[in-house]
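Shown next: data27.cif, containing mmCIF, C-alpha atoms.
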```cif
data_model
#
loop_
_atom_site.label_atom_id
_atom_site.label_comp_id
_atom_site.auth_asym_id
_atom_site.auth_seq_id
_atom_site.Cartn_x
_atom_site.Cartn_y
_atom_site.Cartn_z
CA MET H 1 121.64 125.61 86.53
CA GLU H 2 120.65 122.13 87.44
CA SER H 3 120.75 121.16 91.15
CA PHE H 4 121.01 117.62 92.26
CA THR H 5 119.34 116.83 95.54
CA SER H 6 120.97 114.08 97.43
CA LYS H 7 118.58 111.24 98.27
CA ARG H 8 119.47 109.66 101.55
CA GLY H 9 118.77 106.00 102.29
CA PHE H 10 120.34 102.68 103.13
CA THR H 11 122.37 100.70 100.71
CA LEU H 12 121.66 97.03 100.19
CA ILE H 13 124.82 96.12 102.10
CA GLU H 14 123.84 98.25 105.08
CA LEU H 15 120.39 96.65 105.18
CA ALA H 16 121.83 93.13 104.91
CA LEU H 17 124.31 93.87 107.69
CA THR H 18 121.57 95.26 109.94
CA LEU H 19 119.37 92.20 109.37
CA ALA H 20 122.31 89.90 110.09
CA ILE H 21 122.99 91.66 113.41
CA ILE H 22 119.31 91.40 114.37
CA ALA H 23 119.24 87.69 113.46
CA ILE H 24 122.34 86.98 115.55
CA SER H 25 120.92 88.92 118.50
CA VAL H 26 117.62 87.01 118.35
CA SER H 27 119.42 83.66 118.15
CA ILE H 28 121.34 84.55 121.31
CA VAL H 29 118.34 85.86 123.26
CA LEU H 30 115.77 83.16 122.42
CA PRO H 31 117.45 80.21 124.21
CA ASP H 32 117.88 82.38 127.30
CA MET H 33 114.21 83.37 127.10
CA ALA H 34 113.09 79.72 126.90
CA GLY H 35 115.15 78.91 130.00
CA LEU H 36 113.69 81.89 131.81
CA VAL H 37 110.14 80.81 130.95
CA GLN H 38 110.82 77.25 132.20
CA LYS H 39 112.39 78.57 135.40
CA ASN H 40 109.32 80.76 135.96
CA ARG H 41 106.96 77.80 135.40
CA THR H 42 108.91 75.74 137.92
CA GLN H 43 108.72 78.58 140.46
CA VAL H 44 104.95 78.92 139.96
CA ALA H 45 104.42 75.16 140.33
CA LYS H 46 106.51 75.11 143.50
CA GLN H 47 104.64 78.03 145.07
CA ASP H 48 101.21 76.70 144.04
CA THR H 49 101.92 73.31 145.62
CA ALA H 50 103.32 74.82 148.82
CA SER H 51 100.41 77.29 149.05
CA LEU H 52 97.82 74.54 148.66
CA LEU H 53 99.45 72.47 151.41
CA ALA H 54 99.67 75.56 153.65
CA PHE H 55 95.96 76.12 153.00
CA ALA H 56 95.28 72.53 154.12
CA ARG H 57 97.21 73.08 157.35
CA SER H 58 95.45 76.35 158.16
CA SER H 59 92.08 74.75 157.34
CA ALA H 60 92.75 71.98 159.88
CA ILE H 61 93.29 74.62 162.54
CA GLU H 62 90.26 76.65 161.43
CA HIS H 63 87.87 73.68 161.22
CA ARG H 64 89.34 72.02 164.35
CA MET H 65 89.51 68.63 162.69
CA PRO H 66 91.89 66.62 160.50
CA VAL H 67 92.31 67.92 156.96
CA THR H 68 93.84 65.84 154.18
CA ALA H 69 95.55 66.96 150.96
CA CYS H 70 95.95 64.45 148.14
CA SER H 71 95.01 63.57 144.61
CA LEU H 72 91.64 61.82 144.68
CA ASP H 73 90.69 59.04 142.28
CA THR H 74 87.16 58.59 140.89
CA THR H 75 86.02 56.87 144.11
CA ASP H 76 87.29 59.73 146.33
CA VAL H 77 90.24 57.74 147.70
CA CYS H 78 93.73 59.26 147.79
CA GLN H 79 95.84 57.80 145.00
CA LEU H 80 99.45 57.32 143.97
CA PRO H 81 100.88 58.69 141.82
CA TRP H 82 99.23 62.05 142.24
CA GLY H 83 97.05 62.85 139.25
CA THR H 84 96.00 66.07 137.56
CA SER H 85 94.39 67.73 140.57
CA LEU H 86 95.03 68.11 144.28
CA SER H 87 92.12 68.12 146.70
CA VAL H 88 91.93 69.44 150.22
CA PHE H 89 89.09 68.09 152.35
CA THR H 90 88.03 67.68 155.96
CA ASP H 91 88.72 64.11 157.03
CA ALA H 92 86.87 63.55 160.30
CA ASN H 93 87.98 59.93 160.70
CA GLY H 94 91.47 60.55 159.24
CA ASN H 95 91.33 57.64 156.80
CA GLY H 96 92.59 59.51 153.70
CA THR H 97 89.27 58.99 151.94
CA LYS H 98 86.72 61.71 151.25
CA ASP H 99 83.68 60.18 152.91
CA ILE H 100 80.10 61.40 152.51
CA ASN H 101 80.28 63.72 155.55
CA ASP H 102 83.69 65.18 154.66
CA VAL H 103 83.73 68.61 153.02
CA LEU H 104 85.80 69.34 149.92
CA LEU H 105 87.53 72.63 150.74
CA ARG H 106 89.50 73.08 147.55
CA ASN H 107 90.17 71.18 144.34
CA HIS H 108 93.12 72.66 142.49
CA LEU H 109 94.38 71.80 139.02
CA PHE H 110 97.82 70.40 139.68
CA LYS H 111 100.25 72.24 137.39
CA PRO H 112 103.11 69.73 137.48
CA ALA H 113 100.76 66.80 136.75
CA ASN H 114 102.92 65.37 133.97
CA TRP H 115 106.13 65.80 135.98
CA LEU H 116 107.89 62.84 137.53
CA HIS H 117 107.09 62.43 141.23
CA LYS H 118 109.12 60.83 143.97
CA TYR H 119 107.52 60.32 147.35
CA ARG H 120 109.43 60.17 150.62
CA PRO H 121 108.50 57.89 152.28
CA SER H 122 107.60 55.96 149.17
CA ASN H 123 104.00 55.19 150.17
CA ARG H 124 102.94 58.81 150.72
CA ARG H 125 99.40 58.89 149.28
CA PHE H 126 98.34 61.95 151.27
CA PHE H 127 99.41 64.55 153.77
CA GLN H 128 97.23 65.26 156.77
CA TRP H 129 97.14 67.82 159.57
CA ASN H 130 95.27 67.64 162.87
CA SER H 131 93.32 70.41 164.60
CA LEU H 132 96.57 71.91 165.98
CA GLY H 133 98.15 72.09 162.52
CA VAL H 134 100.58 69.30 163.36
CA SER H 135 101.31 66.63 160.76
CA ASN H 136 99.08 63.68 161.53
CA GLY H 137 101.87 61.08 161.19
CA THR H 138 102.35 62.04 157.55
CA ALA H 139 105.63 63.94 157.51
CA GLY H 140 107.65 63.54 154.35
CA SER H 141 108.24 65.16 151.00
CA ILE H 142 107.29 64.94 147.39
CA GLU H 143 109.84 65.72 144.72
CA PHE H 144 108.91 66.98 141.27
CA CYS H 145 111.11 66.69 138.17
CA HIS H 146 110.18 68.07 134.77
CA PRO H 147 110.21 65.22 132.20
CA SER H 148 112.21 67.13 129.59
CA ASN H 149 114.21 69.65 131.63
CA GLU H 150 116.66 68.24 134.16
CA ALA H 151 117.19 71.64 135.77
CA SER H 152 113.48 72.07 136.57
CA ARG H 153 112.96 70.22 139.81
CA PHE H 154 111.84 71.00 143.31
CA ALA H 155 110.56 69.40 146.48
CA VAL H 156 107.87 70.32 148.99
CA ILE H 157 108.69 69.11 152.48
CA ILE H 158 106.26 68.65 155.39
CA SER H 159 107.81 68.29 158.83
CA PHE H 160 106.34 66.38 161.79
CA SER H 161 105.39 69.74 163.26
CA GLY H 162 103.26 70.32 160.15
CA ARG H 163 105.33 73.12 158.68
CA ILE H 164 105.61 73.30 154.90
CA ARG H 165 108.77 74.40 153.15
CA VAL H 166 110.18 74.12 149.66
CA SER H 167 113.57 72.92 148.49
CA HIS H 168 116.41 75.37 148.24
CA ASP H 169 119.82 75.41 146.56
CA PHE H 170 121.89 75.48 149.75
CA ASP H 171 125.33 75.11 148.16
CA GLY H 172 124.77 77.29 145.07
CA ASP H 173 125.46 74.55 142.52
CA GLY H 174 122.13 75.04 140.70
CA VAL H 175 120.59 71.84 142.13
CA PRO H 176 117.86 72.30 144.76
CA GLU H 177 118.14 70.24 147.93
CA ARG H 178 115.59 69.04 150.50
CA ASN H 179 118.26 69.56 153.16
CA PRO H 180 121.90 70.60 152.76
CA GLY H 181 123.56 67.79 150.82
CA ALA H 182 120.29 65.94 149.95
CA ALA H 183 119.69 66.87 146.31
CA VAL H 184 116.24 66.68 144.78
CA GLY H 185 116.16 63.95 142.15
CA CYS H 186 113.52 61.75 140.61
#
```

What's the structure tokens form of this structure?
Amino acid sequence: MESFTSKRGFTLIELALTLAIIAISVSIVLPDMAGLVQKNRTQVAKQDTASLLAFARSSAIEHRMPVTACSLDTTDVCQLPWGTSLSVFTDANGNGTKDINDVLLRNHLFKPANWLHKYRPSNRRFFQWNSLGVSNGTAGSIEFCHPSNEASRFAVIISFSGRIRVSHDFDGDGVPERNPGAAVGC
């Protein structure tokens, strides 16, 4: 007597249906993943910038002298717009220039270098703190906007007391603000 063993497997229709479901799932997930990656990059850039400025403030207190944070040009003068790196240096005479006796404390590759910048006040070449950690007449903010993603923007704000804070979405509309009602925009 001949016995037929049943071979189990997928039919061509079942395989095609499974691949179609996978393709649809991937097409739904990928745009969300790209947005998540961009949001993460914005968060990292915001924290890196705020951390570097906080380092400058604490260095002014530690070294008991003015410390400046800015983007230096090739002649060691603070420049606008900020370039590809941010430098923190002691600035004994407080002129916003890294002179021969000033010490470079940190030079950090500036992640949002290709982002659009808006300075408040508009002539903000550098931020500086005195030996007490108080802003040396350089309170203000710098706003960053990603060139190809309108939603990726933030601001770093330095108060007259020298404190550093980052923008926040106060009203929950998805747009960060320097202060409630003052949206970040480049």

What's around segment 95-104 of chain H at 12 Å? Count all atoms listed in the file, leave out sequence neighbours fewer than 2 positions away in its own chain, and write the answer as a ChimeraX atom specification. /H:56,59-60,63,65-79,86-93,106-108,124-129,136-138

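The closest residue to Thr49 of chain H, picked from H:Ile22, H:Ile61, H:Val166, H:Val134 and counting all atoms listed in the file, is H:Val166.
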
Counting all atoms listed in the file, the residue of H:Asn149, H:Arg8, H:Thr42, H:Asn123 that sits nearest Ser167 of chain H: H:Thr42

Might you spell out which residues the PyMOL selection byres ((chain H and resi 54) around 10) would select in the displayed file, as a compact mmCIF listing (two decimals) with C-alpha atoms, in the coordinates of the input?
```
# COMPACT_ATOMS: atom_id res chain seq x y z
CA ASP H 48 101.21 76.70 144.04
CA THR H 49 101.92 73.31 145.62
CA ALA H 50 103.32 74.82 148.82
CA SER H 51 100.41 77.29 149.05
CA LEU H 52 97.82 74.54 148.66
CA LEU H 53 99.45 72.47 151.41
CA PHE H 55 95.96 76.12 153.00
CA ALA H 56 95.28 72.53 154.12
CA ARG H 57 97.21 73.08 157.35
CA SER H 58 95.45 76.35 158.16
CA SER H 59 92.08 74.75 157.34
CA ALA H 60 92.75 71.98 159.88
CA ALA H 69 95.55 66.96 150.96
CA GLY H 133 98.15 72.09 162.52
CA ILE H 158 106.26 68.65 155.39
CA GLY H 162 103.26 70.32 160.15
CA ARG H 163 105.33 73.12 158.68
CA ILE H 164 105.61 73.30 154.90
CA ARG H 165 108.77 74.40 153.15
```

Atomic separation - atom CA of Lys118 of chain H relative to atom CA of Phe144 of chain H, Å: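 Result for atom CA of Phe144 of chain H versus atom CA of Lys118 of chain H: 6.7 Å, one decimal.
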
Padding 6 Å on every side, please: axis-aligned box over the listed atoms of segment 88-94 of chain H, centre and edge lengths to one decimal in Å, as AutoDock Vina command-line options.
```
--center_x 89.4 --center_y 64.7 --center_z 155.5 --size_x 17.1 --size_y 21.5 --size_z 22.5
```

Between atom CA of Ala182 of chain H and atom CA of Gly83 of chain H, what distance in Å does the model show, to one decimal? 25.8 Å

One decimal place gives the atom CA of Ser131 of chain H-atom CA of Gly94 of chain H separation as 11.4 Å

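Of the listed residues (H:Arg64, H:Leu17, H:Gln38, H:Asp171), H:Arg64 comes nearest to Leu132 of chain H; the distances count only C-alpha atoms.
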
Compile the contact shell of Phe170 of chain H as a list of chain:residue names: residues with an atom at most 12 Å away, counting all atoms listed in the file, same-chain residues fewer than 5 positions apart removed. H:Val175, H:Pro176, H:Glu177, H:Arg178, H:Asn179, H:Pro180, H:Gly181, H:Ala182, H:Ala183, H:Val184

Because the input lacks atoms here, generate N, CA and C atoms for segment 141-155 of chain H and report them as a CSV table (one decimal), in the frame of the given file.
```csv
chain,number,residue,atom,x,y,z
H,141,SER,N,108.1,64.2,152.1
H,141,SER,CA,108.2,65.2,151.0
H,141,SER,C,107.8,64.5,149.7
H,142,ILE,N,107.6,65.4,148.7
H,142,ILE,CA,107.3,64.9,147.4
H,142,ILE,C,108.2,65.8,146.5
H,143,GLU,N,108.9,65.1,145.6
H,143,GLU,CA,109.8,65.7,144.7
H,143,GLU,C,109.2,65.7,143.3
H,144,PHE,N,109.4,66.8,142.6
H,144,PHE,CA,108.9,67.0,141.3
H,144,PHE,C,110.1,67.2,140.3
H,145,CYS,N,110.1,66.5,139.2
H,145,CYS,CA,111.1,66.7,138.2
H,145,CYS,C,110.4,66.8,136.8
H,146,HIS,N,110.8,67.9,136.1
H,146,HIS,CA,110.2,68.1,134.8
H,146,HIS,C,110.7,67.0,133.8
H,147,PRO,N,109.8,66.4,133.0
H,147,PRO,CA,110.2,65.2,132.2
H,147,PRO,C,111.2,65.6,131.1
H,148,SER,N,111.3,66.8,130.7
H,148,SER,CA,112.2,67.1,129.6
H,148,SER,C,113.2,68.2,130.0
H,149,ASN,N,113.3,68.6,131.2
H,149,ASN,CA,114.2,69.6,131.6
H,149,ASN,C,114.8,69.3,133.0
H,150,GLU,N,116.0,68.7,133.0
H,150,GLU,CA,116.7,68.2,134.2
H,150,GLU,C,116.8,69.3,135.2
H,151,ALA,N,117.0,70.6,134.8
H,151,ALA,CA,117.2,71.6,135.8
H,151,ALA,C,115.9,72.0,136.5
H,152,SER,N,114.8,71.7,136.0
H,152,SER,CA,113.5,72.1,136.6
H,152,SER,C,113.0,71.0,137.5
H,153,ARG,N,113.4,71.2,138.8
H,153,ARG,CA,113.0,70.2,139.8
H,153,ARG,C,112.9,70.9,141.1
H,154,PHE,N,112.0,70.4,142.0
H,154,PHE,CA,111.8,71.0,143.3
H,154,PHE,C,111.2,70.0,144.2
H,155,ALA,N,111.2,70.3,145.5
H,155,ALA,CA,110.6,69.4,146.5
H,155,ALA,C,109.8,70.3,147.4
```
